[in-house]
Each structure stands twice: as structure tokens, then as C-alpha cells.
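Here's the structure we're looking at; comments come further down.
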Amino acid sequence: MYDVNKVRTDFPILSVEAHPGVPLVYLDSAASSQKPAAVIDAMNAYYRGYNANVHRGIHRLSEDATNAYEGARQRISKFINSPDPCQVIFVRNATEAFNLVAYSWGRTNISAGDEILLTEMEHHANLVPWQLLAEETGATLRFVPFLEDGTLDLSDLSNLLNERTKLFSFTAVSNVFGTINPAKQLIEAAREVGAVTMVDAAQAVPHMPVDVQELDPDFLAFSSHKMCGPTGIGVLYGGRDLLEEMPPFMGGGDMIRRVTLEGSTWNDLPWKFEAGTPSIAEVIGLGAAVDYLSQLGMDQVLEHEQFITNYALEALSEVKGLKVIGPAPSQKGGVAAFTLEGAHPHDIAELLDESGIAVRAGHHCAMPLHHKLGLTATARASFYIHTTTEEVDKLVQGLNRVRQVFRL
């Protein structure tokens with residue numbers, strides 16, 4: 001396992017104070033991760049040294065920018081073991097990736113009577129686009145339920161996946177429960193009935209090794225800002241044959257090969273889906289984030305998070321009235337969503353912030369999950385490569401202070 005204290009020195013923000021005299025304890029990486037200096041420096045280097053548009057200029061700045069931009073795509077492709085960099089499509093975030101597939105693939109392949117299978121634990125980004133598609137096409141949404149422990153109930157999967165199922169889209173790791181779902185098993189089951197698969201890997205790619213050739217999904221999406229990279233950039237990975245067949249998502253510059261007043265023809269992959277001036281600095285920043293995580297080693301990242309998660313779950317179990325939702329540590333990623341009897345999650349988060357502890361409170365873009373549990377909200381602590389046991393101890397101390405304030 002790597003030296004977490006050395007890793008912490010790579011993140012400038014971890015040395016700031018949340019309030020005057022109060023050190024920051026950042027436990028909200030599942031929402032958005034902090035950025036190491038290497039990422040910040042890479043983006044600054046672009047703006048300071050070779051700021052120009054890509055693909056369109058033959059002057060030195062443009063050529064340097066294009067090389068950095070496409071070089072980042074190659075390293076990101078290698079990071080997830082994509083067969084070809086052209087299968088790595090840059091989007092704004094995972095949400096845009098789902099919308100791209102729903103619009104481009106879905107409106108071509110889904111019709112009345114077809115079924116789209118999701119799970120009850122999905123983030124809204126992997127729910128709302130399919131609701132819109134089903135409403136437009138007359139398709140039916142079906143759902144794999146979750147059990148009381150936050151794992152998927154697969155007992156009826158053979159009926160839920162049938163000849164009418166055209167798409168099975170599911171999360172690899174729940175952003176609320178932390179459940180690590182059996183992605184490969186689900187993909188194989190979908191393939192047996194001819195269904196296309198899409199994986200929400202926003203909480204997987206940052207935290208564990210993800211090999212798209214081993215998993216073999218048809219589509220997979222993740223966001224830069226959850227994996228040490230900047231906001232405003234994400235990735236859609238897709239099977240080449242599917243991407244070749246799909247019409248463009250947006251029209252404009254760079255996604256075309258030839259334009260006349262009467263019509264247009266489309267560019268090759270991946271640029272067919274990347275209309276307009278792209279997020280150049282952000283792609284370069286994501287490339288630097290991938291380099292950083294690769295140097296740490298994703299096996300080491302996973303090992304550290306498993307250690308911290310186990311430590312946190314044991315420590316939180318000592319807080320009277322606190323209940324963590326989700327499965328056992330062996331099936332759980334670095335997320336601990338919880339309730340504290342007698343205290344609203346928003347009050348918990350506000351009081352923890354006074355102690356410099358940043359956690360999330362709300363439904364975490366998973367309202368149906370909370371509704372099924374009979375909860376309006378939960379508080380959520382999430383852990384990452386720089387989280388220490390000392391920070392977990394401060395979280396427990398902060399929660400005990402919450403109990404004192406509310407006289408629980």
C-alpha cells in the first residue's frame with residue numbers, strides 16, 4: 001500500500017483551512033474529488049504555453065495543443081484498456097454520455113413494446129434519459145430491485161431480461177449504498193438475450209481497476225471530476241460497431257467530413273460525436289489525472305480504500321443511533337451513507353462543517369432509492385486516495401458532537 005501521507009502532499013487544497021483555525025477534512029469525493037498539483041499544473045501549462053484550438057491549425061501552438069489533446073485520449077484509452085482510442089468519446093460528464101446513447105442509439109433502436117431494464121439504485125443520470133426515451137417511443141422501463149442490505153435482488157433476473165429487453169443499463173458501484181455490483185455477470189446475462197448493455201462507471205473507474213475488454217460492455221461512462229481530474233469533461237466508451245452505426249448526437253464543426261448547402265457527411269470516430277471546440281484544457285487535465293492514478297496503481301488505490309472503508313464502518317458502528325445503509329464491507333466501495341436518529345442529515349452536515357468536515361447531505365441524485373427506504377435524505381461520507389484513519393476519527397468525534405448538540 002502506498003504512503004497516504006505522502007499522497008496528501010500532492011493535493012494543495014488539503015492544506016487549507018475550512019474555517020479560520022479549522023483544518024479541512026474532505027469526505028465528499030463521491031460527489032467531486034480534489035485535484036493533485038500535477039493536474040492543475042498540466043492545465044496551467046496549456047493556458048500559459050500553447051493555448052490554441054485543436055485539429056484546425058498548422059501553426060505550432062495548435063499542433064502542440066492537438067498532440068496534447070489526442071495524447072491524453074490515448075492514455076485514457078490505455079487506462080481502461082480500450083481496444084482503440086477511437087472508442088473513447090469525450091463528453092462533458094457521465095450524464096451527457098447517457099443522454100448521447102439515449103438520443104443517438106436509443107432513438108434509432110428502441111420502439112413501442114421494447115423494454116429498457118435498469119436497477120432501483122440508479123443515479124438520476126442513468127434514469128431520467130431513459131424515462132424521456134420511453135415516453136417518446138412507447139417503450140417500457142423495468143427495474144431490478146434491491147434488497148434490504150443494498151445488494152441487487154437477482155432472483156428474477158431471468159424474467160426481467162427477456163426477448164423484449166433492448167437495453168440493460170446499470171451502475172457498477174452505487175453512489176449511495178457503495179454496493180459493488182457484479183457487472184460482468186450482468187453483462188453476460190444481458191448478452192444471452194441480445195440486449196445492449198451500458199455501465200455507469202462513475203464510481204468505479206476512479207476507485208478500482210476497470211478493464212473494458214474484460215468486462216465487455218457495449219457502452220460505459222465515467223466523469224473526470226470524480227477521479228482527480230477537472231470538471232466539464234467525461235468519457236463515453238463504446239463498442240466500435242455500435243458507434244459506427246449511430247448517428248451524431250450534435251452537429252457542427254469537427255464532427256463533419258464534408259459540408260455543402262444541401263447536406264453533410266460525418267467524420268470518423270471519435271470526432272463524429274465531438275462537435276465544436278472541445279474542452280481542451282480539461283481533456284489535458286484528465287490525461288494528467290490518469291497519469292497520476294496510474295503511477296499510484298489502481299490495485300493500490302483499491303487496497304487503500306478497502307482498508308479505510310473497513311476502518312470507517314467499524315468506527316461509525318460505535319456512534320449511538322447511527323445506521324449506515326448498504327452491504328457488508330466485502331461488497332462495498334468507499335461510501336458510507338448514514339442516518340443518525342434524532343438529527344436531520346442537513347443539520348448533521350452543517351454541524352460537521354463547523355468542525356471542518358465536508359460530507360454530503362440529501363438524496364445524492366437517487367430519490368427513488370431513498371423513497372423505497374422511507375428516507376427523505378441521508379448524510380454521506382465518501383473516501384478516496386488521500387483519506388486517513390485520523391480523518392475518520394475526526395468524523396466520529398464530529399458526529400458525537402452532533403449528538404451532544406441535539407442531546408441525543
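So you can find residues: chains in the C-alpha cells are A, B, ... in the order shown, residues in each start at 1, and ligands are numbered from 1 in order.
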
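Residues in contact with Lys323 (chain A) at up to 10 Å, not including ones fewer than 3 positions away on its chain and judged by only C-alpha atoms, are Leu313, Leu316, Ser317, Val319, Lys320, Gly326, Ala336, Ala337, Phe338, Thr339, Leu340, Glu341 and Thr378 of chain A.
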
Store the residues picked out above, limited to N, CA and C atoms, as a PDB file, in the first residue's frame.
ATOM      1  N   LEU A 313     -16.335   1.924   8.774  1.00  0.00           N
ATOM      2  CA  LEU A 313     -17.573   1.240   9.142  1.00  0.00           C
ATOM      3  C   LEU A 313     -17.513   0.735  10.574  1.00  0.00           C
ATOM      4  N   LEU A 316     -17.779   3.939  12.824  1.00  0.00           N
ATOM      5  CA  LEU A 316     -19.124   4.505  12.823  1.00  0.00           C
ATOM      6  C   LEU A 316     -20.111   3.641  13.595  1.00  0.00           C
ATOM      7  N   SER A 317     -19.845   2.349  13.660  1.00  0.00           N
ATOM      8  CA  SER A 317     -20.745   1.449  14.402  1.00  0.00           C
ATOM      9  C   SER A 317     -20.766   1.761  15.889  1.00  0.00           C
ATOM     10  N   VAL A 319     -21.019   4.834  17.063  1.00  0.00           N
ATOM     11  CA  VAL A 319     -21.805   6.050  17.291  1.00  0.00           C
ATOM     12  C   VAL A 319     -23.253   5.655  17.556  1.00  0.00           C
ATOM     13  N   LYS A 320     -23.737   5.937  18.723  1.00  0.00           N
ATOM     14  CA  LYS A 320     -25.077   5.538  19.129  1.00  0.00           C
ATOM     15  C   LYS A 320     -26.132   6.187  18.238  1.00  0.00           C
ATOM     16  N   GLY A 326     -26.506   0.047   3.272  1.00  0.00           N
ATOM     17  CA  GLY A 326     -25.664  -0.612   2.279  1.00  0.00           C
ATOM     18  C   GLY A 326     -25.135  -1.942   2.769  1.00  0.00           C
ATOM     19  N   ALA A 336     -20.058   5.737   2.722  1.00  0.00           N
ATOM     20  CA  ALA A 336     -20.835   5.422   3.919  1.00  0.00           C
ATOM     21  C   ALA A 336     -21.962   6.437   4.041  1.00  0.00           C
ATOM     22  N   ALA A 337     -23.125   6.093   3.491  1.00  0.00           N
ATOM     23  CA  ALA A 337     -24.317   6.924   3.651  1.00  0.00           C
ATOM     24  C   ALA A 337     -25.020   6.464   4.913  1.00  0.00           C
ATOM     25  N   PHE A 338     -25.473   7.430   5.719  1.00  0.00           N
ATOM     26  CA  PHE A 338     -25.989   7.044   7.038  1.00  0.00           C
ATOM     27  C   PHE A 338     -27.084   7.993   7.509  1.00  0.00           C
ATOM     28  N   THR A 339     -27.816   7.516   8.500  1.00  0.00           N
ATOM     29  CA  THR A 339     -28.766   8.334   9.242  1.00  0.00           C
ATOM     30  C   THR A 339     -28.349   8.325  10.702  1.00  0.00           C
ATOM     31  N   LEU A 340     -28.732   9.371  11.413  1.00  0.00           N
ATOM     32  CA  LEU A 340     -28.476   9.477  12.845  1.00  0.00           C
ATOM     33  C   LEU A 340     -29.803   9.813  13.514  1.00  0.00           C
ATOM     34  N   GLU A 341     -30.273   8.902  14.293  1.00  0.00           N
ATOM     35  CA  GLU A 341     -31.591   9.048  14.911  1.00  0.00           C
ATOM     36  C   GLU A 341     -31.688  10.368  15.688  1.00  0.00           C
ATOM     37  N   THR A 378     -30.096  11.234   3.352  1.00  0.00           N
ATOM     38  CA  THR A 378     -29.060  10.642   4.196  1.00  0.00           C
ATOM     39  C   THR A 378     -27.858  11.579   4.189  1.00  0.00           C
TER      40      THR A 378
END

**OP:** Compile the contact shell of region 90-106 of chain A as a PyMOL selection string: residues with an atom at most 7 Å away, counting only C-alpha atoms, same-chain residues fewer than 5 positions apart removed.
**Re:** chain A and resi 125-126+129-130+133+202+221-223+232-236+246-249+274

**OP:** Please provide as a ChimeraX atom specification all residues within 8 Å of Gly342 (chain A), with the sequence filter that same-chain residues fewer than 2 positions apart are discarded (counting only C-alpha atoms).
**Re:** /A:340,344,406,408

Write the residues of the preceding selection, restricted to C-alpha atoms, as a PDB file, in the first residue's frame.
ATOM      1  CA  LEU A 340     -28.476   9.477  12.845  1.00  0.00           C
ATOM      2  CA  HIS A 344     -31.722  15.580  10.057  1.00  0.00           C
ATOM      3  CA  PHE A 406     -29.185  17.635  19.818  1.00  0.00           C
ATOM      4  CA  LEU A 408     -29.394  12.555  21.745  1.00  0.00           C
TER       5      LEU A 408
END

Original post:
Expressed in Å to a single decimal, how great is the separation between CA of Gly334 (chain A) and CA of Ile89 (chain A)?
Top reply: 27.2 Å

**OP:** Give the answer as one residue: which of A:Ala204, A:Ala42, A:Leu27, A:Ile13 has the shortest atom-to-atom distance to Ala358 (chain A), using only C-alpha atoms?
**Re:**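 Checking each of A:Ala204, A:Ala42, A:Leu27, A:Ile13 against Ala358 (chain A), counting only C-alpha atoms, the winner is A:Leu27.
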
Original post:
Which residues come within 9 Å of Val396 (chain A), counting only C-alpha atoms, excluding same-chain residues fewer than 3 positions away, as a VMD selection string?
Top reply: chain A and resid 312 315 to 316 318 to 319 391 to 393 399 to 401

Original post:
Do you have the CA of Phe146 (chain A)-CA of Pro217 (chain A) distance handy?
Top reply: 21.7 Å

Can you build me a table of region 241-354 of chain A residues sitting at most 7 Å from region 54-75 of chain A, with the closest atom pair per residue and its distance in Å to one decimal, using only C-alpha atoms, sorted by chain and residue number, as a Markdown table?
| residue | atom | partner | partner_atom | distance |
| --- | --- | --- | --- | --- |
| A:Ile280 | CA | A:Tyr69 | CA | 6.3 |
| A:Val283 | CA | A:Tyr69 | CA | 6.2 |
| A:Ile284 | CA | A:Tyr69 | CA | 5.8 |
| A:Gly287 | CA | A:Ala72 | CA | 4.4 |

Original post:
Got a sec: who's within 12 Å of Arg240 (chain A), counting only C-alpha atoms, leaving out chain neighbours fewer than 2 positions off, as a ChimeraX atom specification?
Top reply: /A:82-89,216-219,236-238,242-246,268-270
